[in-house]
file upload07.cif (mmCIF, C-alpha atoms)
data_run
loop_
_atom_site.label_atom_id
_atom_site.label_comp_id
_atom_site.auth_asym_id
_atom_site.auth_seq_id
_atom_site.Cartn_x
_atom_site.Cartn_y
_atom_site.Cartn_z
CA MET A 1 126.70 40.52 111.51
CA THR A 2 124.58 40.83 114.65
CA ASP A 3 125.61 39.67 118.09
CA LEU A 4 122.97 36.92 117.86
CA ASP A 5 124.46 35.64 114.59
CA SER A 6 127.89 35.56 116.19
CA MET A 7 126.61 33.63 119.21
CA SER A 8 124.82 31.05 117.05
CA ARG A 9 127.86 30.23 114.92
CA PRO A 10 129.85 27.17 116.03
CA ARG A 11 133.35 27.71 117.35
CA GLU A 12 136.00 27.24 114.65
CA TYR A 13 139.27 25.44 115.40
CA ARG A 14 142.51 25.53 113.44
CA TYR A 15 143.56 21.89 113.86
CA LEU A 16 140.38 19.90 114.47
CA ASP A 17 139.85 19.01 110.79
CA GLY A 18 143.45 17.85 110.40
CA ILE A 19 143.28 15.69 113.52
CA THR A 20 140.01 14.19 112.27
CA ALA A 21 141.59 13.35 108.90
CA LEU A 22 144.61 11.70 110.54
CA PHE A 23 142.38 9.76 112.93
CA VAL A 24 140.29 8.33 110.07
CA THR A 25 143.41 7.55 107.99
CA VAL A 26 144.95 5.55 110.84
CA LEU A 27 141.69 3.69 111.37
CA LEU A 28 141.34 2.68 107.70
CA LEU A 29 145.01 1.74 107.45
CA SER A 30 144.79 -0.48 110.53
CA ASN A 31 141.80 -2.35 109.08
CA LEU A 32 143.63 -2.92 105.80
CA LEU A 33 146.82 -4.14 107.47
CA SER A 34 144.88 -6.41 109.85
CA SER A 35 143.40 -8.22 106.86
CA ALA A 36 146.71 -8.45 105.02
CA LYS A 37 149.06 -10.09 107.53
CA VAL A 38 149.51 -11.72 110.93
CA ILE A 39 152.99 -11.12 112.35
CA ASP A 40 154.98 -13.60 114.43
CA LEU A 41 158.20 -12.25 115.95
CA GLY A 42 159.21 -15.71 117.18
CA MET A 43 158.83 -14.76 120.86
CA SER A 44 156.46 -16.01 123.54
CA LEU A 45 155.14 -15.12 126.98
CA GLY A 46 155.16 -18.48 128.73
CA PRO A 47 153.05 -20.88 126.62
CA ILE A 48 151.47 -18.06 124.61
CA ALA A 49 153.18 -17.04 121.35
CA LEU A 50 153.43 -13.30 120.77
CA VAL A 51 151.66 -12.97 117.43
CA PHE A 52 149.64 -9.98 116.30
CA ASP A 53 147.82 -8.69 113.25
CA ALA A 54 149.69 -6.02 111.28
CA GLY A 55 147.03 -3.41 112.05
CA THR A 56 148.37 -3.31 115.60
CA LEU A 57 151.38 -1.40 114.26
CA VAL A 58 149.26 1.69 113.68
CA PHE A 59 145.95 1.24 115.53
CA PRO A 60 147.24 2.48 118.93
CA ILE A 61 147.81 5.87 117.30
CA SER A 62 144.02 6.23 116.92
CA TYR A 63 143.72 6.16 120.71
CA ILE A 64 146.27 8.95 120.99
CA PHE A 65 144.14 11.03 118.63
CA GLY A 66 141.10 10.02 120.67
CA ASP A 67 142.80 11.32 123.82
CA ILE A 68 143.68 14.58 122.07
CA LEU A 69 140.13 15.08 120.79
CA THR A 70 138.43 14.42 124.14
CA GLU A 71 140.96 16.24 126.31
CA ILE A 72 140.97 19.42 124.23
CA TYR A 73 137.68 19.61 122.36
CA GLY A 74 135.44 17.54 124.64
CA TYR A 75 133.49 14.31 124.44
CA HIS A 76 130.77 15.73 122.18
CA ARG A 77 133.26 16.63 119.42
CA SER A 78 135.17 13.39 119.90
CA ARG A 79 131.86 11.56 119.48
CA ARG A 80 131.33 13.18 116.07
CA VAL A 81 134.81 12.16 114.93
CA ILE A 82 134.26 8.59 116.11
CA TRP A 83 131.10 8.43 113.98
CA ILE A 84 132.99 9.85 110.99
CA GLY A 85 135.57 7.07 111.38
CA PHE A 86 132.79 4.50 111.73
CA THR A 87 131.15 5.67 108.49
CA ALA A 88 134.47 5.74 106.60
CA SER A 89 135.23 2.16 107.68
CA ALA A 90 131.79 0.98 106.58
CA LEU A 91 132.30 2.60 103.15
CA MET A 92 135.70 0.96 102.80
CA VAL A 93 134.42 -2.54 103.51
CA PHE A 94 131.51 -2.08 101.10
CA PHE A 95 133.74 -1.11 98.18
CA VAL A 96 136.35 -3.77 98.95
CA TRP A 97 133.51 -6.32 98.91
CA LEU A 98 132.04 -4.83 95.71
CA ALA A 99 135.40 -4.87 93.91
CA GLY A 100 135.83 -8.51 94.89
CA LYS A 101 132.47 -9.43 93.40
CA LEU A 102 133.02 -7.71 90.05
CA PRO A 103 134.74 -9.75 87.28
CA GLY A 104 138.49 -9.30 86.87
CA GLU A 105 140.24 -8.30 83.64
CA GLN A 106 142.00 -11.19 81.88
CA SER A 107 145.62 -10.02 82.27
CA TRP A 108 144.97 -9.17 85.92
CA GLU A 109 143.53 -12.65 86.48
CA GLN A 110 146.66 -14.19 84.97
CA ALA A 111 149.11 -12.02 86.89
CA ILE A 112 147.36 -11.80 90.27
CA GLY A 113 143.99 -13.52 90.19
CA GLN A 114 140.83 -13.51 92.22
CA GLY A 115 142.25 -16.11 94.57
CA THR A 116 145.00 -13.74 95.68
CA TYR A 117 142.53 -10.89 96.12
CA ASP A 118 140.28 -13.09 98.24
CA ALA A 119 143.22 -14.43 100.27
CA VAL A 120 144.41 -10.91 101.19
CA LEU A 121 141.19 -8.88 101.26
CA GLY A 122 138.48 -11.53 101.27
CA GLY A 123 138.37 -11.59 105.05
CA ILE A 124 138.05 -7.83 105.34
CA THR A 125 134.24 -7.95 105.48
CA GLY A 126 134.23 -10.05 108.63
CA LEU A 127 137.28 -8.20 109.87
CA VAL A 128 135.75 -4.76 109.56
CA ALA A 129 132.44 -5.99 111.00
CA ALA A 130 134.41 -7.04 114.08
CA SER A 131 136.50 -3.88 113.91
CA LEU A 132 133.46 -1.58 113.75
CA ALA A 133 131.85 -3.19 116.77
CA ALA A 134 135.10 -3.21 118.76
CA TYR A 135 136.00 0.32 117.61
CA PHE A 136 132.60 1.62 118.65
CA LEU A 137 132.83 0.07 122.12
CA GLY A 138 136.52 0.79 122.67
CA GLU A 139 136.69 4.38 121.44
CA PHE A 140 133.62 5.46 123.37
CA SER A 141 134.90 3.69 126.50
CA ASN A 142 138.24 5.48 126.14
CA SER A 143 136.62 8.86 125.56
CA TYR A 144 134.11 8.44 128.39
CA VAL A 145 136.72 7.37 130.95
CA LEU A 146 139.08 10.19 129.97
CA ALA A 147 136.33 12.82 130.19
CA LYS A 148 135.16 11.58 133.59
CA MET A 149 138.69 11.33 134.96
CA LYS A 150 139.41 14.90 133.82
CA VAL A 151 136.46 16.29 135.74
CA ALA A 152 137.20 14.15 138.81
CA SER A 153 140.89 15.17 138.87
CA GLN A 154 140.11 18.82 138.02
CA GLY A 155 142.37 18.62 134.99
CA ARG A 156 145.43 17.29 136.83
CA TYR A 157 147.53 14.18 136.14
CA LEU A 158 147.08 14.22 132.36
CA TRP A 159 149.54 11.34 131.91
CA MET A 160 147.55 9.19 134.33
CA ARG A 161 144.28 9.98 132.55
CA THR A 162 145.58 9.11 129.08
CA ILE A 163 147.04 5.81 130.27
CA GLY A 164 144.06 4.93 132.47
CA SER A 165 141.52 5.54 129.71
CA THR A 166 143.63 3.50 127.28
CA LEU A 167 143.81 0.54 129.67
CA VAL A 168 140.01 0.42 129.68
CA GLY A 169 139.37 1.29 126.03
CA GLN A 170 141.97 -1.07 124.61
CA ALA A 171 140.79 -3.94 126.81
CA VAL A 172 137.23 -3.53 125.57
CA ASP A 173 138.34 -3.06 121.96
CA THR A 174 140.83 -5.93 121.82
CA VAL A 175 138.64 -8.57 123.46
CA ALA A 176 135.56 -7.60 121.44
CA PHE A 177 137.47 -7.48 118.15
CA PHE A 178 139.13 -10.87 118.37
CA LEU A 179 136.09 -12.64 119.80
CA ILE A 180 133.90 -11.39 116.95
CA ALA A 181 136.53 -11.83 114.22
CA THR A 182 137.33 -15.36 115.36
CA SER A 183 133.65 -16.30 115.48
CA LEU A 184 133.36 -15.05 111.87
CA GLY A 185 136.29 -17.22 110.78
CA VAL A 186 138.83 -14.43 110.20
CA PHE A 187 141.32 -15.83 112.74
CA SER A 188 141.95 -19.35 113.99
CA VAL A 189 140.52 -20.28 117.39
CA ASP A 190 143.99 -21.62 118.30
CA LEU A 191 145.40 -18.08 118.00
CA LEU A 192 142.68 -16.35 120.04
CA ALA A 193 144.46 -16.15 123.41
CA SER A 194 147.78 -15.18 121.79
CA LEU A 195 146.19 -12.48 119.65
CA ILE A 196 144.22 -10.94 122.52
CA LEU A 197 147.18 -10.88 124.94
CA THR A 198 149.80 -9.75 122.43
CA ASN A 199 147.66 -7.05 120.86
CA TYR A 200 146.58 -5.66 124.22
CA LEU A 201 150.14 -5.53 125.55
CA LEU A 202 151.45 -3.91 122.37
CA LYS A 203 148.66 -1.33 122.18
CA VAL A 204 148.98 -0.32 125.82
CA GLY A 205 152.76 -0.42 125.58
CA VAL A 206 152.77 1.96 122.61
CA GLU A 207 150.44 4.33 124.46
CA ILE A 208 152.68 4.34 127.54
CA ILE A 209 155.86 4.87 125.51
CA LEU A 210 154.27 7.74 123.57
CA THR A 211 152.68 9.34 126.64
CA PRO A 212 155.30 12.14 126.90
CA LEU A 213 154.68 13.01 123.25
CA THR A 214 150.90 12.81 123.72
CA VAL A 215 151.02 15.13 126.74
CA ARG A 216 153.27 17.57 124.87
CA LEU A 217 150.96 17.64 121.84
CA ILE A 218 147.88 18.14 124.02
CA ASN A 219 149.45 21.05 125.87
CA LEU A 220 150.60 22.69 122.63
CA LEU A 221 147.18 22.29 121.02
CA LYS A 222 145.38 23.62 124.10
CA HIS A 223 147.44 26.77 123.81
CA ALA A 224 147.07 27.03 120.01
CA GLU A 225 143.30 26.44 120.06
CA ASN A 226 142.69 28.35 123.29
CA GLU A 227 140.51 25.45 124.39
CA ASP A 228 140.48 23.04 127.34
CA HIS A 229 137.02 21.53 127.54
CA TYR A 230 135.52 19.95 130.68
CA ASP A 231 132.57 17.58 130.19
CA ARG A 232 130.72 18.57 133.35
CA GLU A 233 127.22 18.65 131.84
CA THR A 234 127.77 16.52 128.73
CA ASN A 235 125.23 13.97 127.52
CA PHE A 236 127.40 10.86 127.07
CA ASN A 237 124.89 8.99 124.92
CA PRO A 238 127.08 7.72 122.02
CA PHE A 239 124.16 7.92 119.60
CA ARG A 240 123.58 11.63 120.19
CA ILE A 241 125.69 13.16 117.43
CA ARG A 242 124.32 16.71 117.30
#
call {"tool": "encode", "arguments": {"input": "upload07.cif", "output": "structure tokens"}}
result
Amino acid sequence: MTDLDSMSRPREYRYLDGITALFVTVLLLSNLLSSAKVIDLGMSLGPIALVFDAGTLVFPISYIFGDILTEIYGYHRSRRVIWIGFTASALMVFFVWLAGKLPGEQSWEQAIGQGTYDAVLGGITGLVAASLAAYFLGEFSNSYVLAKMKVASQGRYLWMRTIGSTLVGQAVDTVAFFLIATSLGVFSVDLLASLILTNYLLKVGVEIILTPLTVRLINLLKHAENEDHYDRETNFNPFRIR
């Protein structure tokens, strides 16, 4: 192999593929759970009931992976992973919709029925449409803010950068998701304020609680991958995937 061949080959990382797979898994699982159930813990914040869709249980983890990807591998690699997750979600909603349209077998119809399928998964089309838009806006906001804060702080205050980027990204994601999903009839208008507030508080709360673990993982992976990317000359156009 010549020196030129070696220079033209992309850098290989030990853990990037695994992190990408986990990121996409969490994203798909959150979409599925969001369609399946809305949780009410019987508590309230003043006049607003603390209710949230079940996807909130796992979705904050995707932002932790997003922080790991951007902090270690850089915005340009994080951008590719975000697009992979976007494509996987689009495929999931298509096949859930297709399965719902195809005729059911007789014993399945008697035991479960199309009505049950539609009640649990029928709203996933509108749900994922809202999720894709919110995910796109939120993840790129999170990644952009983290990358810019890293350069501005010269790599210091990692805990502050992960929390700060999450405050922005989750705000954009949560508001966009519930506004779109509610307009498509997935959630009741009466629940809109409760869902936005509760989901935002839970998502940010999970991020803050897990910050010591996030920082520890990032530092371990930086050492293992021998990488600590700074996006000083990065093109932040989200549609530039090469």
call {"tool": "residues_around", "arguments": {"input": "upload07.cif", "residues": "A:Pro103", "least_positions_apart": "5", "cutoff": "12 Å", "atoms": "all atoms listed in the file", "output": "PyMOL selection string"}}
result
chain A and resi 98+108-109+113-114+117
call {"tool": "resolve_selection", "arguments": {"input": "upload07.cif", "expression": "the PyMOL selection byres ((chain A and resi 217-222) around 9)", "output": "number ranges by chain"}}
result
A: 15, 67-69, 71-73, 212-216, 223-228
call {"tool": "residues_around", "arguments": {"input": "upload07.cif", "residues": "A:Gly100", "least_positions_apart": "6", "cutoff": "12 Å", "atoms": "all atoms listed in the file", "output": "JSON list (two decimals) with C-alpha atoms, keeping the file's coordinate frame"}}
result
[["chain", "number", "residue", "atom", "x", "y", "z"],
["A", 93, "VAL", "CA", 134.42, -2.54, 103.51],
["A", 94, "PHE", "CA", 131.51, -2.08, 101.10],
["A", 113, "GLY", "CA", 143.99, -13.52, 90.19],
["A", 114, "GLN", "CA", 140.83, -13.51, 92.22],
["A", 115, "GLY", "CA", 142.25, -16.11, 94.57],
["A", 116, "THR", "CA", 145.00, -13.74, 95.68],
["A", 117, "TYR", "CA", 142.53, -10.89, 96.12],
["A", 118, "ASP", "CA", 140.28, -13.09, 98.24],
["A", 119, "ALA", "CA", 143.22, -14.43, 100.27],
["A", 120, "VAL", "CA", 144.41, -10.91, 101.19],
["A", 121, "LEU", "CA", 141.19, -8.88, 101.26],
["A", 122, "GLY", "CA", 138.48, -11.53, 101.27],
["A", 123, "GLY", "CA", 138.37, -11.59, 105.05],
["A", 124, "ILE", "CA", 138.05, -7.83, 105.34],
["A", 125, "THR", "CA", 134.24, -7.95, 105.48]]
call {"tool": "residues_around", "arguments": {"input": "upload07.cif", "residues": "A:Leu197", "least_positions_apart": "5", "cutoff": "10 Å", "atoms": "all atoms listed in the file", "output": "number ranges by chain"}}
result
A: 45, 48-52, 171, 174-175, 192, 202
call {"tool": "closest_residue", "arguments": {"input": "upload07.cif", "among": "A:Leu57, A:Ser62, A:Thr25, A:Asn235", "to": "A:Lys37", "atoms": "all atoms listed in the file"}}
result
A:Leu57
call {"tool": "atom_distance", "arguments": {"input": "upload07.cif", "atom1": "atom CA of A:Leu22", "atom2": "atom CA of A:Ile208"}}
result
20.2 Å
call {"tool": "atom_distance", "arguments": {"input": "upload07.cif", "atom1": "atom CA of A:Ile84", "atom2": "atom CA of A:Val96"}}
result
18.5 Å
call {"tool": "closest_residue", "arguments": {"input": "upload07.cif", "among": "A:Thr211, A:Arg77, A:Gly104, A:Met43", "to": "A:Tyr157", "atoms": "all atoms listed in the file"}}
result
A:Thr211
call {"tool": "atom_distance", "arguments": {"input": "upload07.cif", "atom1": "atom CA of A:Gly18", "atom2": "atom CA of A:Gly66"}}
result
13.1 Å
call {"tool": "closest_residue", "arguments": {"input": "upload07.cif", "among": "A:Leu127, A:Ile163, A:Leu179, A:Val58", "to": "A:Ser35", "atoms": "all atoms listed in the file"}}
result
A:Leu127
call {"tool": "residues_around", "arguments": {"input": "upload07.cif", "residues": "A:Ile180", "least_positions_apart": "6", "cutoff": "10 Å", "atoms": "only C-alpha atoms", "output": "number ranges by chain"}}
result
A: 126-127, 129-131, 133-134, 186-187
call {"tool": "closest_residue", "arguments": {"input": "upload07.cif", "among": "A:Gly85, A:Gly155, A:Gly55, A:Gly169", "to": "A:Val24", "atoms": "all atoms listed in the file"}}
result
A:Gly85
call {"tool": "closest_residue", "arguments": {"input": "upload07.cif", "among": "A:Arg79, A:Ala147, A:Ser44, A:Asp53", "to": "A:Ile196", "atoms": "only C-alpha atoms"}}
result
A:Asp53
